[in-house]
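Next comes start28.cif, with mmCIF, C-alpha atoms.
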```
data_structure
loop_
_atom_site.label_atom_id
_atom_site.label_comp_id
_atom_site.auth_asym_id
_atom_site.auth_seq_id
_atom_site.Cartn_x
_atom_site.Cartn_y
_atom_site.Cartn_z
CA MET A 1 -19.78 19.88 -38.89
CA ASN A 2 -16.84 20.19 -36.53
CA VAL A 3 -17.40 23.92 -36.20
CA LEU A 4 -21.13 23.48 -35.65
CA VAL A 5 -20.58 20.93 -32.92
CA ALA A 6 -17.83 23.05 -31.40
CA ASP A 7 -20.27 25.99 -31.29
CA LEU A 8 -22.84 23.82 -29.59
CA LEU A 9 -20.25 22.81 -27.05
CA GLY A 10 -18.97 26.36 -26.61
CA ARG A 11 -15.44 25.23 -27.36
CA ARG A 12 -12.78 25.63 -30.02
CA PRO A 13 -12.93 23.19 -32.95
CA ARG A 14 -10.83 20.06 -32.71
CA TYR A 15 -8.35 18.88 -35.30
CA SER A 16 -10.10 15.64 -36.14
CA HIS A 17 -11.93 15.60 -39.45
CA ASN A 18 -13.89 12.53 -38.53
CA PRO A 19 -17.53 13.49 -37.84
CA ALA A 20 -17.84 10.46 -35.54
CA ASP A 21 -15.37 12.11 -33.16
CA SER A 22 -17.50 15.24 -33.03
CA TYR A 23 -20.66 13.28 -32.37
CA ARG A 24 -18.94 11.36 -29.60
CA ALA A 25 -17.67 14.57 -28.06
CA LEU A 26 -21.19 16.03 -28.13
CA ALA A 27 -22.72 12.94 -26.60
CA ARG A 28 -20.14 12.95 -23.85
CA ARG A 29 -20.68 16.62 -23.16
CA LEU A 30 -24.37 16.01 -22.61
CA ASN A 31 -23.57 13.16 -20.26
CA ILE A 32 -21.52 15.30 -17.87
CA SER A 33 -22.63 15.55 -14.26
CA ALA A 34 -22.19 18.09 -11.48
CA VAL A 35 -19.59 15.82 -9.88
CA ASP A 36 -17.43 15.99 -13.00
CA LEU A 37 -17.73 19.74 -13.33
CA ALA A 38 -16.82 20.31 -9.70
CA SER A 39 -13.48 18.56 -10.07
CA VAL A 40 -12.27 20.27 -13.27
CA GLY A 41 -9.21 22.44 -12.66
CA SER A 42 -7.43 24.83 -14.98
CA GLU A 43 -3.86 23.55 -14.58
CA PRO A 44 -2.36 21.42 -17.36
CA ARG A 45 -2.04 17.77 -16.38
CA ARG A 46 -0.29 14.90 -18.10
CA LEU A 47 0.36 11.24 -17.36
CA ASP A 48 4.09 10.69 -17.73
CA PHE A 49 4.74 7.15 -18.93
CA THR A 50 8.42 7.08 -18.01
CA SER A 51 8.02 8.09 -14.37
CA GLY A 52 4.54 6.63 -13.82
CA THR A 53 3.26 9.85 -12.30
CA GLU A 54 0.92 12.67 -13.19
CA LYS A 55 2.72 15.89 -14.10
CA VAL A 56 1.00 19.14 -13.27
CA GLY A 57 1.55 22.74 -14.41
CA ASP A 58 4.66 23.60 -16.45
CA GLU A 59 6.01 20.07 -16.11
CA ALA A 60 2.91 18.78 -17.91
CA LEU A 61 3.64 20.85 -21.00
CA SER A 62 6.75 18.89 -21.95
CA VAL A 63 5.76 15.91 -24.09
CA GLN A 64 9.24 14.88 -25.25
CA ASP A 65 9.06 11.33 -23.92
CA VAL A 66 5.95 10.51 -25.94
CA ARG A 67 7.25 12.01 -29.16
CA ASP A 68 10.36 9.86 -28.79
CA ALA A 69 8.26 6.73 -28.45
CA SER A 70 5.82 7.34 -31.30
CA MET B 1 -11.84 -33.35 -23.44
CA GLN B 2 -13.93 -35.93 -21.63
CA GLN B 3 -12.48 -34.47 -18.39
CA LEU B 4 -13.97 -31.02 -19.03
CA PRO B 5 -17.41 -30.51 -17.46
CA GLU B 6 -18.66 -28.14 -20.15
CA ARG B 7 -18.33 -29.53 -23.66
CA ARG B 8 -19.21 -28.18 -27.09
CA TYR B 9 -20.64 -30.43 -29.81
CA LYS B 10 -21.66 -30.07 -33.41
CA ASP B 11 -24.14 -32.35 -35.11
CA MET B 12 -22.62 -34.10 -38.15
CA LEU B 13 -24.90 -35.60 -40.79
CA ASP B 14 -23.67 -38.48 -42.94
CA ASP B 15 -25.04 -37.70 -46.42
CA HIS B 16 -25.00 -41.34 -47.50
CA THR B 17 -26.60 -43.03 -44.53
CA GLY B 18 -28.53 -40.09 -43.03
CA VAL B 19 -27.08 -40.90 -39.62
CA LEU B 20 -26.65 -37.93 -37.30
CA THR B 21 -23.66 -38.04 -34.95
CA GLU B 22 -22.35 -35.64 -32.34
CA ASP B 23 -18.82 -34.39 -32.93
CA GLN B 24 -17.13 -33.00 -29.84
CA ARG B 25 -15.46 -29.68 -30.77
CA GLY B 26 -14.18 -28.47 -27.44
CA GLY B 27 -14.81 -27.93 -23.76
CA ASN B 28 -13.93 -25.75 -20.83
CA THR B 29 -13.55 -25.75 -17.07
CA THR B 30 -12.06 -23.69 -14.25
CA LEU B 31 -9.38 -24.82 -11.82
CA LEU B 32 -7.80 -23.19 -8.78
CA VAL B 33 -4.02 -22.77 -9.04
CA GLY B 34 -2.28 -20.91 -6.25
CA ASP B 35 -4.69 -18.15 -5.29
CA ALA B 36 -6.13 -17.69 -8.75
CA VAL B 37 -8.81 -19.21 -10.93
CA VAL B 38 -7.47 -20.59 -14.21
CA GLN B 39 -9.88 -20.99 -17.11
CA VAL B 40 -9.10 -23.96 -19.32
CA TYR B 41 -10.47 -24.15 -22.87
CA ALA B 42 -9.86 -27.06 -25.20
CA ASP B 43 -10.56 -26.50 -28.87
CA LYS B 44 -10.07 -28.97 -31.69
CA ARG B 45 -11.64 -26.93 -34.48
CA ALA B 46 -8.29 -25.49 -35.54
CA VAL B 47 -5.82 -27.37 -37.76
CA ILE B 48 -3.81 -28.13 -34.63
CA PRO B 49 -6.01 -28.76 -31.56
CA GLU B 50 -5.15 -26.38 -28.74
CA VAL B 51 -5.63 -25.92 -25.03
CA ARG B 52 -5.95 -22.35 -23.80
CA LEU B 53 -5.14 -21.36 -20.22
CA THR B 54 -6.37 -17.94 -19.10
CA PHE B 55 -5.23 -16.54 -15.77
CA SER B 56 -4.18 -13.37 -13.99
CA ALA B 57 -0.47 -13.88 -13.31
CA PRO B 58 -0.23 -11.55 -10.27
CA ALA B 59 -3.35 -13.17 -8.77
CA VAL B 60 -1.66 -16.59 -8.86
CA LEU B 61 0.93 -15.25 -6.43
CA ASP B 62 -1.01 -12.71 -4.37
CA GLY B 63 -4.70 -13.57 -4.73
CA HIS B 64 -5.35 -10.14 -6.28
CA ASN B 65 -3.98 -8.05 -9.14
CA ARG B 66 -3.33 -4.75 -7.40
CA ASP B 67 0.35 -4.85 -8.43
CA PRO B 68 1.43 -5.88 -11.92
CA LEU B 69 3.67 -8.97 -12.04
CA PRO B 70 7.34 -8.21 -12.84
CA LEU B 71 7.84 -9.71 -16.31
CA TRP B 72 10.89 -11.73 -15.28
CA LEU B 73 8.59 -13.79 -13.01
CA LEU B 74 6.17 -14.69 -15.80
CA PRO B 75 7.93 -17.91 -16.97
CA ASP B 76 7.89 -19.29 -13.41
CA VAL B 77 4.23 -18.40 -12.88
CA ALA B 78 3.25 -19.83 -16.29
CA GLU B 79 5.10 -23.07 -15.51
CA ALA B 80 3.42 -23.31 -12.09
CA VAL B 81 0.01 -22.87 -13.74
CA TRP B 82 0.83 -25.43 -16.43
CA MET B 83 1.95 -27.92 -13.74
CA GLY B 84 -1.17 -27.26 -11.65
CA VAL B 85 -3.46 -27.85 -14.63
CA SER B 86 -1.45 -30.89 -15.81
CA SER B 87 -1.86 -32.50 -12.40
CA GLU B 88 -5.65 -32.24 -12.75
CA LEU B 89 -6.09 -33.02 -16.44
CA THR B 90 -4.37 -35.65 -18.55
CA GLY B 91 -3.26 -35.10 -22.14
CA MET B 92 -1.97 -31.56 -21.67
CA PRO B 93 0.57 -30.45 -24.31
CA ALA B 94 4.21 -30.14 -23.17
CA TYR B 95 5.24 -26.90 -21.41
CA GLU B 96 7.69 -26.15 -24.25
CA GLU B 97 4.73 -25.83 -26.63
CA LEU B 98 3.26 -22.98 -24.61
CA ARG B 99 2.67 -19.77 -26.65
CA VAL B 100 1.34 -16.41 -25.53
CA THR B 101 -1.99 -15.62 -27.24
CA ARG B 102 -3.22 -12.94 -24.84
CA LEU B 103 -1.09 -10.50 -22.89
CA ASP B 104 -2.05 -7.60 -20.62
CA LEU B 105 0.74 -5.12 -19.96
CA ALA B 106 0.02 -2.70 -17.13
CA ARG B 107 1.48 0.68 -16.30
CA ASP B 108 0.46 2.33 -13.04
CA PHE B 109 0.41 6.07 -12.43
CA VAL B 110 0.62 6.92 -8.74
CA GLY B 111 -0.55 10.01 -6.88
CA VAL B 112 -3.08 10.98 -9.55
CA ASP B 113 -5.04 13.89 -8.11
CA SER B 114 -8.43 13.09 -9.64
CA ILE B 115 -8.74 9.94 -11.73
CA PRO B 116 -12.26 10.78 -13.06
CA ARG B 117 -11.01 14.19 -14.20
CA THR B 118 -7.93 12.69 -15.88
CA LEU B 119 -10.03 10.05 -17.66
CA TRP B 120 -12.47 12.73 -18.79
CA GLY B 121 -9.65 14.92 -20.10
CA ILE B 122 -8.09 12.09 -22.09
CA SER B 123 -11.47 11.00 -23.46
CA GLN B 124 -11.98 14.43 -25.00
CA LEU B 125 -8.99 13.98 -27.30
CA PRO B 126 -10.05 12.28 -30.53
CA VAL B 127 -7.97 9.33 -31.63
CA GLN B 128 -7.39 8.15 -35.15
CA ARG B 129 -8.55 4.72 -36.26
CA ALA B 130 -10.00 3.82 -32.87
CA ARG B 131 -13.04 1.64 -33.33
CA VAL B 132 -13.68 1.29 -29.62
CA ASP B 133 -13.70 4.54 -27.69
CA ARG B 134 -15.83 4.78 -24.59
CA LEU B 135 -15.86 6.32 -21.14
CA GLU B 136 -17.94 4.64 -18.46
CA ARG B 137 -19.06 5.63 -14.98
CA GLY B 138 -18.34 3.51 -11.93
CA GLU B 139 -20.92 2.53 -9.35
CA ASN B 140 -20.20 5.75 -7.41
CA GLY B 141 -21.34 7.83 -10.41
CA THR B 142 -17.97 9.29 -11.43
CA TRP B 143 -15.93 8.42 -14.52
CA GLN B 144 -14.26 5.11 -13.85
CA THR B 145 -13.08 3.41 -17.05
CA LEU B 146 -11.81 4.61 -20.40
CA THR B 147 -11.50 2.02 -23.19
CA ARG B 148 -9.85 2.62 -26.53
CA GLY B 149 -8.66 0.30 -29.25
CA THR B 150 -9.60 -1.72 -32.28
CA LYS B 151 -12.94 -3.41 -32.74
CA GLY B 152 -12.81 -7.17 -32.39
CA SER B 153 -9.86 -8.84 -30.86
CA ARG B 154 -6.59 -7.16 -31.82
CA TRP B 155 -5.69 -4.79 -29.01
CA ARG B 156 -7.36 -2.53 -26.53
CA VAL B 157 -6.30 -0.02 -23.91
CA VAL B 158 -8.23 0.26 -20.66
CA SER B 159 -7.55 2.89 -18.02
CA TYR B 160 -9.22 3.00 -14.60
CA GLY B 161 -8.76 3.74 -10.91
CA LYS B 162 -7.28 0.59 -9.38
CA SER B 163 -8.60 1.22 -5.87
CA GLU B 164 -12.15 1.84 -7.13
CA GLU B 165 -12.01 -1.28 -9.31
CA LEU B 166 -10.87 -3.46 -6.38
CA LEU B 167 -13.66 -2.06 -4.18
CA GLU B 168 -16.23 -2.88 -6.86
CA LYS B 169 -14.83 -6.42 -7.09
CA ALA B 170 -15.06 -6.72 -3.29
CA ALA B 171 -18.71 -5.65 -3.39
CA ARG B 172 -19.49 -8.27 -6.05
CA THR B 173 -17.80 -11.27 -4.46
CA ARG B 174 -19.80 -13.65 -2.24
CA ASP B 175 -16.67 -14.85 -0.44
CA ASP B 176 -16.37 -12.71 2.72
CA GLU B 177 -12.69 -13.50 3.22
CA ARG B 178 -11.86 -12.51 -0.34
CA ALA B 179 -13.94 -9.34 -0.05
CA GLU B 180 -11.99 -8.37 3.06
CA LEU B 181 -8.67 -8.96 1.28
CA LEU B 182 -9.75 -6.86 -1.71
CA ARG B 183 -10.92 -3.99 0.52
CA ALA B 184 -7.62 -4.06 2.41
CA VAL B 185 -5.48 -3.90 -0.74
CA ALA B 186 -7.79 -1.26 -2.26
CA ALA B 187 -7.23 1.01 0.74
CA ASP B 188 -3.52 0.93 0.02
CA CYS B 189 -3.66 2.20 -3.57
CA ALA B 190 -5.83 5.31 -3.58
CA GLY B 191 -4.90 7.68 -6.42
CA ARG B 192 -3.41 4.89 -8.51
CA GLN B 193 -4.51 4.96 -12.13
CA ARG B 194 -3.92 1.79 -14.08
CA TRP B 195 -3.30 1.86 -17.79
CA GLU B 196 -3.61 -1.60 -19.32
CA LEU B 197 -2.68 -2.68 -22.83
CA GLN B 198 -4.62 -5.83 -23.70
CA MET B 199 -3.09 -7.63 -26.68
CA ARG B 200 -4.58 -10.63 -28.44
CA ARG B 201 -3.25 -13.25 -30.81
CA ALA B 202 -3.17 -11.27 -34.09
CA VAL B 203 -1.36 -8.24 -32.71
CA LEU B 204 1.01 -10.42 -30.67
CA LEU B 205 1.96 -12.14 -33.92
CA ASP B 206 2.53 -8.75 -35.58
CA GLU B 207 4.69 -7.67 -32.63
CA ARG B 208 6.52 -11.01 -32.65
CA VAL B 209 5.60 -11.86 -29.08
CA ALA B 210 5.18 -15.61 -28.56
CA SER B 211 7.29 -16.79 -25.65
CA VAL B 212 6.52 -16.18 -21.97
CA ARG B 213 10.14 -15.00 -21.65
CA LEU B 214 9.50 -11.35 -22.39
CA ASP B 215 12.14 -8.68 -22.80
CA GLU B 216 11.27 -6.07 -20.16
CA GLU B 217 12.73 -3.10 -22.03
CA ARG B 218 11.08 -4.05 -25.32
CA MET B 219 7.70 -4.47 -23.64
CA PHE B 220 8.08 -1.07 -21.97
CA THR B 221 8.85 0.64 -25.30
CA MET B 222 6.03 -1.19 -27.02
CA SER B 223 3.55 -0.18 -24.29
CA GLN B 224 4.70 3.41 -24.57
CA ARG B 225 3.97 3.33 -28.30
CA TYR B 226 0.37 2.22 -27.75
CA PHE B 227 0.06 4.69 -24.88
CA ALA B 228 0.90 7.55 -27.24
CA ARG B 229 -1.25 6.11 -30.02
CA THR B 230 -4.37 6.18 -27.84
CA ARG B 231 -3.61 9.73 -26.70
CA SER B 232 -3.51 8.52 -23.11
CA VAL B 233 -0.77 11.01 -22.45
CA THR B 234 -2.68 14.23 -22.16
CA SER B 235 -5.27 15.21 -19.65
CA SER B 236 -7.78 18.06 -19.65
CA ALA B 237 -5.86 21.28 -19.98
CA ALA B 238 -2.60 20.12 -21.55
CA ARG B 239 -3.00 19.90 -25.30
CA SER B 240 0.03 18.80 -27.24
CA ASP B 241 -1.60 19.41 -30.59
#
```
What does the file become when written as structure tokens?
Amino acid sequence: MNVLVADLLGRRPRYSHNPADSYRALARRLNISAVDLASVGSEPRRLDFTSGTEKVGDEALSVQDVRDAS
Amino acid sequence: MQQLPERRYKDMLDDHTGVLTEDQRGGNTTLLVGDAVVQVYADKRAVIPEVRLTFSAPAVLDGHNRDPLPLWLLPDVAEAVWMGVSSELTGMPAYEELRVTRLDLARDFVGVDSIPRTLWGISQLPVQRARVDRLERGENGTWQTLTRGTKGSRWRVVSYGKSEELLEKAARTRDDERAELLRAVAADCAGRQRWELQMRRAVLLDERVASVRLDEERMFTMSQRYFARTRSVTSSAARSD
């Protein structure tokens, strides 16, 4: 089911094995608007809890702080 | 409870006499303390009757909740609210009996380039065991609020653009002066994304949080744990998995 939904979405399959996640993802995809598409960039982005800022690019790829906390 | 304008009753039937009597179970009202509205609920259904005070701590001081209250100020604000309510209503329990049964811990992210995009990116990451998981649009048509957490009343995480939320509040209020204040503070926090951990009684008990004297470092670490648990960390293109 995950692969089917991923095909429908034109994306790679996710790691969740819960079909509900796939259905939600599909429903959300269908609900996307032109405004949302226009703002999507290709750079990695991450909210950094420690600094309270959004990290962009290479900085976003380090997730050490979260692994420490979880 | 006679002082509370809205009261709740339950009809009680005496099996022997057939007489029906009204048993007062609780009541509620709202009071103004400082610059904030405090909701007061009295409930005597529990083994120990309780009075619940619900208020936004930063709003008591500032009249709005743009900035989270520093935790070290919470005991003073809670005491001020308790005193304000006690001066209006008689029979309030002693301040020392006050226990936290609902706590919102906020973490702000500043300078976020596009809050709708960030919310969208996070929403695409599936979370385990989340019974509430929804992304909603604001009145301007873009993604405004992401909610994740457990069904019912344990805990929930809500993330949204603070400026947009304040502007929506300003549009809803009928008080012109308040609307002007909200618009002014909203203008000062563009690009600020609030992440809010809302904790209720059961999870506060599990986390051993009861007193209004909260340990700042412990609360920070605890928030960070829930932040990671709801996958709030990663936005659209950065996938840690």
Nearest-residue call for chain B, choices A:Ala20, A:Ser51, A:Pro44, A:Gly57, using all atoms listed in the file: A:Pro44
Using all atoms listed in the file, select each residue of chain B with any atom at most 10 Å away from an atom of chain A, and give the selection as a count of residues only. 54
Apply the PyMOL selection byres ((chain B and resi 204) around 12) to the displayed file and report the matching residues as a PyMOL selection string. chain B and resi 99-105+153-155+197-203+205-212+214+219+222
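When the distance limit is 10 Å and all atoms listed in the file are what count, the residues near region 172-179 of chain B, minus those fewer than 5 positions from it on the same chain, are Gly63, His64, Leu166, Leu167 and Ala184 of chain B.
Taking CA of Asp43 (chain B) and CA of Arg25 (chain B) as the two end points, the separation is 6.1 Å.
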For the file shown, report as a VMD selection string the outcome of the PyMOL selection byres ((chain B and resi 48-61) around 7) at residue level. chain B and resid 33 to 47 62 to 65 67 to 69 77
Find the residues around Glu165 (chain B) up to 12 Å (all atoms listed in the file counted), leave out those fewer than 5 positions away in its own chain, and share them as a PDB file with C-alpha atoms, keeping the file's coordinate frame.
```
ATOM      1  CA  HIS B  64      -5.350 -10.140  -6.280  1.00  0.00           C
ATOM      2  CA  ASN B  65      -3.980  -8.050  -9.140  1.00  0.00           C
ATOM      3  CA  ARG B  66      -3.330  -4.750  -7.400  1.00  0.00           C
ATOM      4  CA  ILE B 115      -8.740   9.940 -11.730  1.00  0.00           C
ATOM      5  CA  ARG B 137     -19.060   5.630 -14.980  1.00  0.00           C
ATOM      6  CA  GLY B 138     -18.340   3.510 -11.930  1.00  0.00           C
ATOM      7  CA  GLU B 139     -20.920   2.530  -9.350  1.00  0.00           C
ATOM      8  CA  ASN B 140     -20.200   5.750  -7.410  1.00  0.00           C
ATOM      9  CA  TRP B 143     -15.930   8.420 -14.520  1.00  0.00           C
ATOM     10  CA  GLN B 144     -14.260   5.110 -13.850  1.00  0.00           C
ATOM     11  CA  THR B 145     -13.080   3.410 -17.050  1.00  0.00           C
ATOM     12  CA  SER B 159      -7.550   2.890 -18.020  1.00  0.00           C
ATOM     13  CA  TYR B 160      -9.220   3.000 -14.600  1.00  0.00           C
ATOM     14  CA  ALA B 170     -15.060  -6.720  -3.290  1.00  0.00           C
ATOM     15  CA  ALA B 171     -18.710  -5.650  -3.390  1.00  0.00           C
ATOM     16  CA  ARG B 172     -19.490  -8.270  -6.050  1.00  0.00           C
ATOM     17  CA  LEU B 182      -9.750  -6.860  -1.710  1.00  0.00           C
ATOM     18  CA  ARG B 183     -10.920  -3.990   0.520  1.00  0.00           C
ATOM     19  CA  VAL B 185      -5.480  -3.900  -0.740  1.00  0.00           C
ATOM     20  CA  ALA B 186      -7.790  -1.260  -2.260  1.00  0.00           C
ATOM     21  CA  ALA B 187      -7.230   1.010   0.740  1.00  0.00           C
ATOM     22  CA  CYS B 189      -3.660   2.200  -3.570  1.00  0.00           C
ATOM     23  CA  ALA B 190      -5.830   5.310  -3.580  1.00  0.00           C
ATOM     24  CA  GLY B 191      -4.900   7.680  -6.420  1.00  0.00           C
ATOM     25  CA  ARG B 192      -3.410   4.890  -8.510  1.00  0.00           C
ATOM     26  CA  GLN B 193      -4.510   4.960 -12.130  1.00  0.00           C
ATOM     27  CA  ARG B 194      -3.920   1.790 -14.080  1.00  0.00           C
TER      28      ARG B 194
END
```
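One finds CA of Ala78 (chain B) at 17.6 Å from CA of Gly91 (chain B).
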Work out how far CA of Leu71 (chain B) is from CA of Asp215 (chain B), in Å to one decimal. 7.9 Å
